[in-house]
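**Q** Got a file for you: target-v5.txt, compact mmCIF, C-alpha atoms.
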```txt
# COMPACT_ATOMS: atom_id res chain seq x y z
CA MET A 64 10.46 41.05 52.47
CA ILE A 65 8.12 38.20 53.32
CA GLY A 66 8.76 34.90 51.56
CA TYR A 67 6.16 32.78 49.81
CA PRO A 68 6.29 29.42 51.56
CA THR A 69 4.61 27.51 48.73
CA LYS A 70 6.88 28.83 46.01
CA LYS A 71 10.48 27.87 45.47
CA THR A 72 12.89 30.40 44.13
CA ASN A 73 15.36 27.87 42.80
CA VAL A 74 16.26 28.06 39.17
CA LEU A 75 14.76 25.15 37.29
CA GLN A 76 17.07 25.02 34.33
CA THR A 77 20.45 23.82 35.52
CA SER A 78 22.52 21.72 33.21
CA ALA A 79 21.50 18.49 34.94
CA ALA A 80 17.81 19.31 34.69
CA GLU A 81 18.15 19.57 30.89
CA ALA A 82 17.62 15.82 30.60
CA LEU A 83 14.35 16.00 32.47
CA LYS A 84 12.84 18.62 30.21
CA VAL A 85 10.87 16.36 27.89
CA ASP A 86 9.69 14.40 30.85
CA ALA A 87 8.58 17.49 32.72
CA ARG A 88 6.84 18.72 29.61
CA LEU A 89 4.79 15.54 29.38
CA SER A 90 3.82 15.59 33.04
CA HIS A 91 2.91 19.26 32.87
CA MET A 92 0.69 18.80 29.86
CA GLY A 93 -2.67 20.42 30.46
CA ARG A 94 -1.57 21.77 33.84
CA GLY A 95 -0.62 25.22 32.64
CA MET A 96 1.47 26.56 29.84
CA THR A 97 5.23 26.43 29.68
CA LEU A 98 7.38 28.87 27.79
CA GLU A 99 8.15 26.16 25.27
CA SER A 100 4.51 25.39 24.52
CA ASP A 101 3.79 29.12 24.24
CA ILE A 102 6.59 29.59 21.73
CA ASN A 103 5.59 26.49 19.78
CA ALA A 104 1.96 27.67 19.57
CA SER A 105 3.13 31.12 18.49
CA ASN A 106 5.37 29.60 15.82
CA ASP A 107 2.48 27.46 14.55
CA TYR A 108 0.41 30.60 14.26
CA TYR A 109 3.19 32.50 12.49
CA ILE A 110 3.56 29.63 10.02
CA GLU A 111 -0.19 29.49 9.42
CA ILE A 112 -0.43 33.18 8.56
CA ASP A 113 2.85 33.00 6.57
CA ARG A 114 4.57 35.55 8.76
CA ALA A 115 7.62 33.40 9.52
CA LEU A 116 8.98 29.86 9.33
CA ILE A 117 10.40 29.03 12.74
CA HIS A 118 10.50 25.60 14.41
CA LYS A 119 11.74 24.09 17.62
CA LYS A 120 14.44 21.53 16.96
CA PRO A 121 13.71 18.08 18.33
CA THR A 122 15.52 17.16 21.56
CA PRO A 123 18.64 15.20 20.56
CA ILE A 124 18.40 11.59 21.68
CA GLN A 125 20.95 8.79 21.27
CA VAL A 126 19.07 5.63 20.34
CA VAL A 127 20.77 2.44 21.54
CA ARG A 128 18.19 -0.30 21.11
CA VAL A 129 14.99 -0.64 19.08
CA ASP A 130 12.41 -3.42 19.15
CA TYR A 131 10.01 -4.25 16.34
CA PRO A 132 6.88 -5.68 18.00
CA LYS A 133 5.10 -5.29 14.68
CA ARG A 134 6.80 -5.18 11.31
CA SER A 135 5.67 -1.65 10.65
CA SER A 136 6.37 -0.08 14.02
CA ALA A 137 9.65 0.56 15.75
CA LYS A 138 9.70 0.85 19.52
CA ILE A 139 12.76 2.45 21.07
CA VAL A 140 13.55 0.60 24.31
CA GLU A 141 16.91 2.12 25.22
CA ALA A 142 17.94 5.68 24.53
CA TYR A 143 19.58 8.63 26.27
CA TYR A 144 19.32 12.39 26.12
CA LYS A 145 22.26 14.09 24.49
CA THR A 146 23.50 17.57 25.27
CA PRO A 147 22.19 19.89 22.55
CA SER A 148 24.95 21.48 20.46
CA THR A 149 22.83 24.37 19.23
CA THR A 150 19.98 26.55 20.38
CA ASP A 151 16.43 25.21 20.45
CA TYR A 152 14.76 27.36 17.80
CA ASN A 153 15.63 28.51 14.32
CA GLY A 154 14.10 29.43 11.02
CA ILE A 155 13.49 32.27 8.59
CA TYR A 156 11.87 35.66 9.08
CA ARG A 157 11.71 38.45 6.52
CA GLY A 158 14.47 36.83 4.51
CA LYS A 159 16.82 36.56 7.49
CA ALA A 160 17.99 33.52 9.39
CA ILE A 161 16.59 33.57 12.96
CA ASP A 162 18.13 31.58 15.80
CA PHE A 163 17.34 31.69 19.50
CA GLU A 164 17.27 29.92 22.83
CA ALA A 165 14.41 30.12 25.34
CA LYS A 166 14.74 29.70 29.10
CA GLU A 167 12.37 30.09 31.99
CA THR A 168 13.25 30.58 35.63
CA LYS A 169 11.32 30.54 38.87
CA ASN A 170 13.81 32.96 40.35
CA ARG A 171 12.38 36.46 40.89
CA THR A 172 15.55 38.49 40.94
CA SER A 173 18.01 37.10 38.44
CA PHE A 174 18.75 34.67 35.62
CA THR A 175 21.77 32.44 36.18
CA PHE A 176 24.18 31.73 33.33
CA LYS A 177 24.33 28.12 34.53
CA ALA A 178 21.11 27.67 32.58
CA ILE A 179 22.93 28.24 29.28
CA HIS A 180 25.44 25.74 27.90
CA PRO A 181 28.79 27.20 26.78
CA HIS A 182 28.34 25.66 23.32
CA GLN A 183 24.99 27.44 22.99
CA ILE A 184 26.83 30.74 23.51
CA LYS A 185 29.42 29.66 20.92
CA HIS A 186 26.59 28.78 18.57
CA LEU A 187 24.99 32.22 19.00
CA GLU A 188 28.37 33.84 18.33
CA LYS A 189 28.48 31.97 15.03
CA VAL A 190 24.90 32.96 14.20
CA LEU A 191 25.97 36.61 14.42
CA LEU A 192 29.21 35.92 12.52
CA HIS A 193 27.27 34.45 9.59
CA GLY A 194 24.75 37.28 9.46
CA GLY A 195 21.81 35.75 11.27
CA ILE A 196 19.57 37.33 13.91
CA GLY A 197 20.23 35.77 17.32
CA PHE A 198 18.61 36.30 20.70
CA VAL A 199 17.56 34.69 23.96
CA ILE A 200 14.03 34.67 25.34
CA ILE A 201 13.92 34.61 29.15
CA ARG A 202 10.72 34.19 31.15
CA PHE A 203 10.42 34.93 34.83
CA THR A 204 7.49 32.64 35.57
CA CYS A 205 6.75 34.08 39.04
CA LEU A 206 6.78 37.64 37.71
CA ASN A 207 4.82 36.86 34.55
CA GLU A 208 7.40 38.73 32.50
CA THR A 209 9.08 37.44 29.33
CA TYR A 210 11.96 39.30 27.67
CA LEU A 211 13.81 39.10 24.39
CA LEU A 212 17.52 39.84 24.75
CA ASP A 213 19.82 40.41 21.79
CA ALA A 214 22.46 37.67 21.52
CA ALA A 215 25.33 40.18 21.43
CA TYR A 216 24.31 41.51 24.85
CA VAL A 217 23.94 38.04 26.37
CA ILE A 218 27.25 36.85 24.88
CA ASP A 219 29.12 39.88 26.25
CA ALA A 220 27.70 39.39 29.73
CA TYR A 221 28.29 35.63 29.62
CA ASN A 222 31.91 36.06 28.59
CA ASN A 223 32.50 38.54 31.41
CA GLU A 224 34.09 36.24 33.96
CA THR A 225 32.97 38.27 36.95
CA LYS A 226 29.31 37.96 35.99
CA LYS A 227 27.44 34.82 37.01
CA SER A 228 23.93 36.00 36.17
CA LEU A 229 21.79 38.79 34.79
CA THR A 230 19.67 40.64 37.34
CA ILE A 231 16.04 41.35 36.60
CA GLN A 232 16.96 45.06 36.57
CA GLU A 233 19.57 44.47 33.85
CA ILE A 234 17.14 42.36 31.86
CA ARG A 235 14.41 44.99 32.14
CA ALA A 236 16.86 47.68 31.04
CA HIS A 237 18.47 45.80 28.12
CA GLY A 238 15.73 43.42 27.10
CA SER A 239 12.52 43.94 25.23
CA LEU A 240 9.32 42.93 27.04
CA ILE A 241 7.28 40.48 24.96
CA ARG A 242 3.55 41.12 24.72
CA GLU A 243 1.48 38.07 25.62
CA GLY A 244 -1.97 37.34 24.28
CA LEU A 245 -4.20 34.67 22.86
CA THR A 246 -2.96 34.36 19.27
CA PRO A 247 -0.08 34.41 19.24
CA ARG A 248 0.48 33.70 22.89
CA LEU A 249 3.89 35.34 22.72
CA ASN A 250 4.08 38.01 20.07
CA TYR A 251 7.88 37.99 20.00
CA LEU A 252 8.17 38.82 16.30
CA ASP A 253 6.91 42.32 17.09
CA ASN A 254 9.97 42.66 19.32
CA VAL A 255 12.15 41.31 16.50
CA ASP A 256 10.64 43.91 14.15
CA GLU A 257 11.46 46.71 16.59
CA LEU A 258 14.97 45.52 17.38
CA TYR A 259 16.25 44.32 14.02
CA PHE A 260 14.14 45.86 11.29
CA MET A 261 13.90 49.50 12.41
CA GLU A 262 17.31 50.99 11.89
CA ASP A 263 16.74 54.20 13.82
CA LYS A 264 15.38 52.51 16.89
CA ASN A 265 17.38 51.48 19.94
CA GLY A 266 20.58 52.54 18.24
CA LYS A 267 20.87 49.19 16.44
CA MET B 57 20.43 -6.23 -19.50
CA ILE B 58 21.87 -8.65 -17.01
CA GLY B 59 20.84 -8.16 -13.41
CA TYR B 60 23.18 -8.03 -10.48
CA PRO B 61 22.06 -10.80 -8.17
CA THR B 62 23.79 -9.40 -5.10
CA LYS B 63 22.48 -5.89 -5.49
CA LYS B 64 18.92 -4.81 -4.96
CA THR B 65 17.59 -1.95 -6.99
CA ASN B 66 14.77 -1.15 -4.58
CA VAL B 67 14.61 2.35 -3.26
CA LEU B 68 15.64 2.39 0.36
CA GLN B 69 13.88 5.50 1.49
CA THR B 70 10.15 4.78 1.49
CA SER B 71 8.01 6.44 4.10
CA ALA B 72 7.90 3.32 6.27
CA ALA B 73 11.66 2.95 6.23
CA GLU B 74 11.99 6.44 7.71
CA ALA B 75 11.63 4.98 11.19
CA LEU B 76 14.52 2.60 10.63
CA LYS B 77 16.96 5.31 9.61
CA VAL B 78 18.66 5.89 12.95
CA ASP B 79 18.85 2.18 13.47
CA ALA B 80 20.38 1.57 10.08
CA ARG B 81 22.81 4.40 10.67
CA LEU B 82 24.04 2.76 13.87
CA SER B 83 24.44 -0.65 12.29
CA HIS B 84 26.27 0.84 9.29
CA MET B 85 28.74 2.71 11.45
CA GLY B 86 32.25 2.04 10.30
CA ARG B 87 31.08 -0.04 7.34
CA GLY B 88 31.20 2.70 4.76
CA MET B 89 29.91 6.21 4.61
CA THR B 90 26.31 7.18 4.23
CA LEU B 91 25.13 10.40 2.66
CA GLU B 92 24.12 11.64 6.07
CA SER B 93 27.51 11.06 7.64
CA ASP B 94 29.18 12.71 4.63
CA ILE B 95 27.00 15.79 4.98
CA ASN B 96 27.48 15.92 8.74
CA ALA B 97 31.26 15.70 8.35
CA SER B 98 31.16 18.41 5.67
CA ASN B 99 29.06 20.64 7.91
CA ASP B 100 31.46 20.12 10.82
CA TYR B 101 34.27 21.20 8.52
CA TYR B 102 32.35 24.23 7.26
CA ILE B 103 31.66 25.25 10.87
CA GLU B 104 35.30 24.80 11.83
CA ILE B 105 36.57 27.04 9.05
CA ASP B 106 33.71 29.52 9.66
CA ARG B 107 32.36 29.12 6.15
CA ALA B 108 28.78 28.29 7.20
CA LEU B 109 26.65 27.31 10.17
CA ILE B 110 24.56 24.34 9.09
CA HIS B 111 23.36 21.45 11.28
CA LYS B 112 21.31 18.33 10.91
CA LYS B 113 18.20 18.50 13.03
CA PRO B 114 17.85 15.65 15.51
CA THR B 115 15.40 12.90 14.55
CA PRO B 116 12.09 13.71 16.26
CA ILE B 117 11.26 11.14 18.91
CA GLN B 118 8.20 10.93 21.14
CA VAL B 119 9.34 9.94 24.62
CA VAL B 120 6.76 7.95 26.58
CA ARG B 121 8.62 6.52 29.57
CA VAL B 122 11.90 7.37 31.29
CA ASP B 123 13.67 5.48 34.07
CA TYR B 124 16.20 6.96 36.45
CA PRO B 125 18.59 4.14 37.40
CA LYS B 126 20.91 6.77 38.88
CA ARG B 127 19.84 10.16 40.12
CA SER B 128 21.85 11.97 37.53
CA SER B 129 21.06 9.89 34.46
CA ALA B 130 17.82 9.47 32.60
CA LYS B 131 17.26 6.30 30.58
CA ILE B 132 14.50 6.39 28.00
CA VAL B 133 12.79 2.99 27.98
CA GLU B 134 9.81 3.66 25.73
CA ALA B 135 9.83 6.04 22.80
CA TYR B 136 8.71 6.17 19.17
CA TYR B 137 9.91 7.84 16.00
CA LYS B 138 7.73 10.70 14.84
CA THR B 139 7.27 11.82 11.25
CA PRO B 140 9.51 14.85 10.69
CA SER B 141 7.60 18.03 9.85
CA THR B 142 10.53 19.79 8.24
CA THR B 143 13.63 18.99 6.24
CA ASP B 144 16.68 17.50 7.92
CA TYR B 145 19.22 20.30 7.52
CA ASN B 146 19.20 24.03 8.02
CA GLY B 147 21.39 26.92 8.98
CA ILE B 148 23.03 30.09 7.74
CA TYR B 149 25.36 30.70 4.80
CA ARG B 150 26.59 34.08 3.58
CA GLY B 151 23.84 35.82 5.52
CA LYS B 152 21.07 33.70 4.01
CA ALA B 153 18.91 31.02 5.59
CA ILE B 154 19.72 27.61 4.10
CA ASP B 155 17.33 24.66 4.26
CA PHE B 156 17.56 21.29 2.56
CA GLU B 157 16.69 17.64 2.56
CA ALA B 158 19.07 14.81 1.65
CA LYS B 159 18.11 11.43 0.22
CA GLU B 160 20.03 8.49 -1.12
CA THR B 161 18.74 5.75 -3.37
CA LYS B 162 20.09 2.41 -4.54
CA ASN B 163 18.08 2.77 -7.73
CA ARG B 164 20.23 3.43 -10.82
CA THR B 165 17.70 5.04 -13.09
CA SER B 166 15.37 7.26 -11.07
CA PHE B 167 14.51 8.86 -7.75
CA THR B 168 10.97 8.17 -6.53
CA PHE B 169 8.91 10.96 -4.96
CA LYS B 170 7.69 8.43 -2.40
CA ALA B 171 10.95 9.13 -0.60
CA ILE B 172 9.87 12.70 0.16
CA HIS B 173 7.06 13.46 2.61
CA PRO B 174 4.38 15.87 1.34
CA HIS B 175 4.95 18.14 4.37
CA GLN B 176 8.65 18.35 3.48
CA ILE B 177 7.64 19.75 0.09
CA LYS B 178 5.29 22.19 1.84
CA HIS B 179 8.13 23.15 4.12
CA LEU B 180 10.45 23.84 1.17
CA GLU B 181 7.71 25.95 -0.43
CA LYS B 182 7.64 28.06 2.72
CA VAL B 183 11.43 28.31 2.79
CA LEU B 184 11.28 29.94 -0.65
CA LEU B 185 8.31 32.10 0.35
CA HIS B 186 10.24 33.55 3.29
CA GLY B 187 13.36 34.24 1.27
CA GLY B 188 15.54 31.29 2.18
CA ILE B 189 17.66 29.10 -0.08
CA GLY B 190 16.12 25.64 -0.41
CA PHE B 191 17.29 22.51 -2.19
CA VAL B 192 17.41 18.73 -2.15
CA ILE B 193 20.58 16.64 -2.25
CA ILE B 194 20.09 13.27 -3.97
CA ARG B 195 22.74 10.55 -4.04
CA PHE B 196 22.65 7.58 -6.36
CA THR B 197 24.77 5.24 -4.26
CA CYS B 198 25.31 2.65 -7.03
CA LEU B 199 26.36 5.32 -9.52
CA ASN B 200 28.54 7.26 -7.06
CA GLU B 201 26.84 10.49 -8.14
CA THR B 202 25.39 13.11 -5.81
CA TYR B 203 23.35 16.08 -7.05
CA LEU B 204 22.03 19.30 -5.64
CA LEU B 205 18.60 20.20 -7.02
CA ASP B 206 17.00 23.59 -6.48
CA ALA B 207 13.84 23.34 -4.36
CA ALA B 208 11.72 25.19 -6.93
CA TYR B 209 12.50 22.53 -9.55
CA VAL B 210 11.77 19.63 -7.19
CA ILE B 211 8.53 21.26 -5.94
CA ASP B 212 7.28 21.81 -9.51
CA ALA B 213 8.00 18.22 -10.50
CA TYR B 214 6.52 16.85 -7.25
CA ASN B 215 3.31 18.84 -7.70
CA ASN B 216 2.95 17.57 -11.28
CA GLU B 217 0.46 14.77 -10.70
CA THR B 218 1.57 12.75 -13.70
CA LYS B 219 5.13 12.56 -12.39
CA LYS B 220 6.00 9.88 -9.85
CA SER B 221 9.77 10.24 -9.98
CA LEU B 222 12.73 12.08 -11.44
CA THR B 223 14.83 10.12 -13.91
CA ILE B 224 18.61 10.16 -13.65
CA GLN B 225 18.63 12.00 -16.99
CA GLU B 226 16.41 14.76 -15.60
CA ILE B 227 18.53 15.00 -12.47
CA ARG B 228 21.74 15.20 -14.48
CA ALA B 229 20.22 17.90 -16.68
CA HIS B 230 18.65 20.05 -13.94
CA GLY B 231 20.84 19.25 -10.95
CA SER B 232 24.32 20.30 -10.07
CA LEU B 233 26.86 17.50 -9.53
CA ILE B 234 28.52 17.77 -6.13
CA ARG B 235 32.27 17.34 -6.00
CA GLU B 236 33.39 14.74 -3.47
CA GLY B 237 36.71 14.73 -1.69
CA LEU B 238 38.41 14.31 1.64
CA THR B 239 37.70 17.60 3.41
CA PRO B 240 34.94 18.37 2.95
CA ARG B 241 33.67 15.01 1.80
CA LEU B 242 30.84 16.69 -0.08
CA ASN B 243 31.70 20.19 -1.20
CA TYR B 244 28.07 21.18 -1.72
CA LEU B 245 28.57 24.84 -0.77
CA ASP B 246 30.53 25.33 -4.00
CA ASN B 247 27.34 24.28 -5.81
CA VAL B 248 25.35 26.71 -3.64
CA ASP B 249 27.79 29.48 -4.57
CA GLU B 250 27.33 28.75 -8.26
CA LEU B 251 23.56 28.42 -8.14
CA TYR B 252 22.56 31.14 -5.71
CA PHE B 253 25.37 33.66 -5.46
CA MET B 254 26.35 34.18 -9.10
CA GLU B 255 23.56 36.14 -10.68
CA ASP B 256 24.60 35.65 -14.28
CA LYS B 257 24.99 31.93 -14.04
CA ASN B 258 22.31 29.38 -14.87
CA GLY B 259 19.81 32.14 -15.48
CA LYS B 260 19.01 32.44 -11.75
```
What do you get writing this file as structure tokens?
**A**
Amino acid sequence: MIGYPTKKTNVLQTSAAEALKVDARLSHMGRGMTLESDINASNDYYIEIDRALIHKKPTPIQVVRVDYPKRSSAKIVEAYYKTPSTTDYNGIYRGKAIDFEAKETKNRTSFTFKAIHPHQIKHLEKVLLHGGIGFVIIRFTCLNETYLLDAAYVIDAYNNETKKSLTIQEIRAHGSLIREGLTPRLNYLDNVDELYFMEDKNGK
Amino acid sequence: MIGYPTKKTNVLQTSAAEALKVDARLSHMGRGMTLESDINASNDYYIEIDRALIHKKPTPIQVVRVDYPKRSSAKIVEAYYKTPSTTDYNGIYRGKAIDFEAKETKNRTSFTFKAIHPHQIKHLEKVLLHGGIGFVIIRFTCLNETYLLDAAYVIDAYNNETKKSLTIQEIRAHGSLIREGLTPRLNYLDNVDELYFMEDKNGK
């Protein structure tokens, strides 16, 4: 197979890169859509039409020092990113608690588990324990494919010590391809309807 | 009535003071418990014993500039507090989505609606619309009393244009007093059980 010299196949979302996310988001603004901005726009649309109430949680930041140049305005001058203890998105859909994490990768063949924090897996386990709907959205940016994977499947694979990643074949087989469009950009609630609200489908 | 010269009766939580919250929290550390730290400790306990999965959302911060003194560490050197678009707490309890806001006041006679953002009320309206459990926790710090008020009651009062606040009498009559202790510090899920999971009680 011939490589693409201008494209890197490294995975973007290692644990260390987490801290750069907000930064990257700002610098990418207007230069093409990220998974996060697609999900946020979709959630805004879902809220507007009263289909669901799902938000991204703010990135956790430890504030150390704040200046007050004007009485009314606070300027943070020293702060650090903290490791998130939960997933990025949660809310309510059709009376159920919804909770999920979203990750994108530039890799074309697999999704590495290094991109998910152990405490995010623990969090998803607790989401299922308490009766919520949990899943992971994974986008392969170079393939233009975005999948929704049930949390139970991801947790099982993650806790299998011999597995370090999910291959694209596994994700295609066990995940649900998300339809992309204009509004919403990512119609992932249709996948949620199919997976969690149709009892006869997919054996769930 | 004789005033207390060393105690102010101003309400702490006006819209402008929102930005100072994190700051205040840091400077109060170790000098007595705030409502927020009580709720966070209670939620940690509830998570530990697998009773519920409820977290405080991080304070939303707009990051403008980041330095990288070392390759591995990002230092935020310019950032600003953003107005939150949702309530502070949400999660899952007994299979239901839970969503609430918490406020404390130094006032002894009433709780002003100025302390709640209009979009937080809109958010609570949507929580109810989508089938979640919504409420507001209000602590009167000088009275040592903390109440849980159903979102529907708070929304109705808030949307009543002639009402600018809830009196302590109204809160005592319509709210549910939260028992305080050691673990959990604020046993608010017992109030949730009474209000939302016992059909014959309180006419709900």
**Q** Closest to chain A among B:Ser141, B:Ser93, B:Ser232, B:Gln225, using only C-alpha atoms?
**A**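 Ranking B:Ser141, B:Ser93, B:Ser232, B:Gln225 by distance to chain A, first place goes to B:Ser141.
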**Q** Return as a ChimeraX atom specification the residues belonging to chain A that are within 6 Å of chain B, counting all atoms listed in the file.
**A** /A:121,123,138-143,158,160,193-194
**Q** Store the residues picked out above in a file with C-alpha atoms, as an mmCIF file, in the coordinates of the input.
**A**
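File result.cif, as written:
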```
data_model
loop_
_atom_site.group_PDB
_atom_site.id
_atom_site.type_symbol
_atom_site.label_atom_id
_atom_site.label_comp_id
_atom_site.auth_asym_id
_atom_site.auth_seq_id
_atom_site.Cartn_x
_atom_site.Cartn_y
_atom_site.Cartn_z
ATOM 1 C CA PRO A 121 13.710 18.080 18.330
ATOM 2 C CA PRO A 123 18.640 15.200 20.560
ATOM 3 C CA LYS A 138 9.700 0.850 19.520
ATOM 4 C CA ILE A 139 12.760 2.450 21.070
ATOM 5 C CA VAL A 140 13.550 0.600 24.310
ATOM 6 C CA GLU A 141 16.910 2.120 25.220
ATOM 7 C CA ALA A 142 17.940 5.680 24.530
ATOM 8 C CA TYR A 143 19.580 8.630 26.270
ATOM 9 C CA GLY A 158 14.470 36.830 4.510
ATOM 10 C CA ALA A 160 17.990 33.520 9.390
ATOM 11 C CA HIS A 193 27.270 34.450 9.590
ATOM 12 C CA GLY A 194 24.750 37.280 9.460
#
```
**Q** Work out how far CA of Thr204 (chain A) is from CA of Lys169 (chain A), in Å to one decimal.
**A**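 That distance, rounded to one decimal, is 5.5 Å.
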**Q** Hey, can you check how far CA of Asp144 (chain B) sits from CA of Val192 (chain B)?
**A**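 The value is 10.2 Å.
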**Q** For a test of reading the model, state the distance in Å between CA of Leu206 (chain A) and CA of Asp107 (chain A), rounded to one decimal.
**A**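 Interatomic distance, CA of Leu206 (chain A) to CA of Asp107 (chain A): 25.7 Å.
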**Q** Fewer than 3 positions away in the same chain doesn't count, so skip those; otherwise give me all residues within 9 Å of Ser221 (chain B), counting all atoms listed in the file, as an mmCIF file with C-alpha atoms, keeping the file's coordinate frame.
**A**
```cif
data_model
loop_
_atom_site.group_PDB
_atom_site.id
_atom_site.type_symbol
_atom_site.label_atom_id
_atom_site.label_comp_id
_atom_site.auth_asym_id
_atom_site.auth_seq_id
_atom_site.Cartn_x
_atom_site.Cartn_y
_atom_site.Cartn_z
ATOM 1 C CA SER B 166 15.370 7.260 -11.070
ATOM 2 C CA PHE B 167 14.510 8.860 -7.750
ATOM 3 C CA THR B 168 10.970 8.170 -6.530
ATOM 4 C CA PHE B 169 8.910 10.960 -4.960
ATOM 5 C CA LYS B 170 7.690 8.430 -2.400
ATOM 6 C CA ALA B 213 8.000 18.220 -10.500
ATOM 7 C CA TYR B 214 6.520 16.850 -7.250
#
```
**Q** Any idea what's packed within 8 Å of Thr209 (chain A), counting all atoms listed in the file, ignoring anything in its chain fewer than 2 positions away? Could you give it as a ChimeraX atom specification?
**A** /A:200-203,207,211,240-241
**Q** Show me, as number ranges by chain, the residues that have an atom within 7 Å of region 244-254 of chain A when counting only C-alpha atoms, minus same-chain residues fewer than 6 positions from it.
**A** A: 101-102, 105, 108
**Q** Looking at only C-alpha atoms, which of A:Gln183, A:Glu188, A:Ala236, A:Thr172 is the one that sits closest to Ala215 (chain A)?
**A**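 Nearest to Ala215 (chain A): A:Glu188.
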**Q** Take the point (22.0, 40.4, 27.2) in the file's coordinates, draw a sphere of radius 9 Å around it, and report as JSON, numbers by chain every protein, DNA or RNA residue with an atom inside or on it, counting all atoms listed in the file.
**A** {"A": [198, 199, 211, 212, 213, 214, 215, 216, 217, 218, 219, 220, 221, 229, 233, 234, 237, 238]}
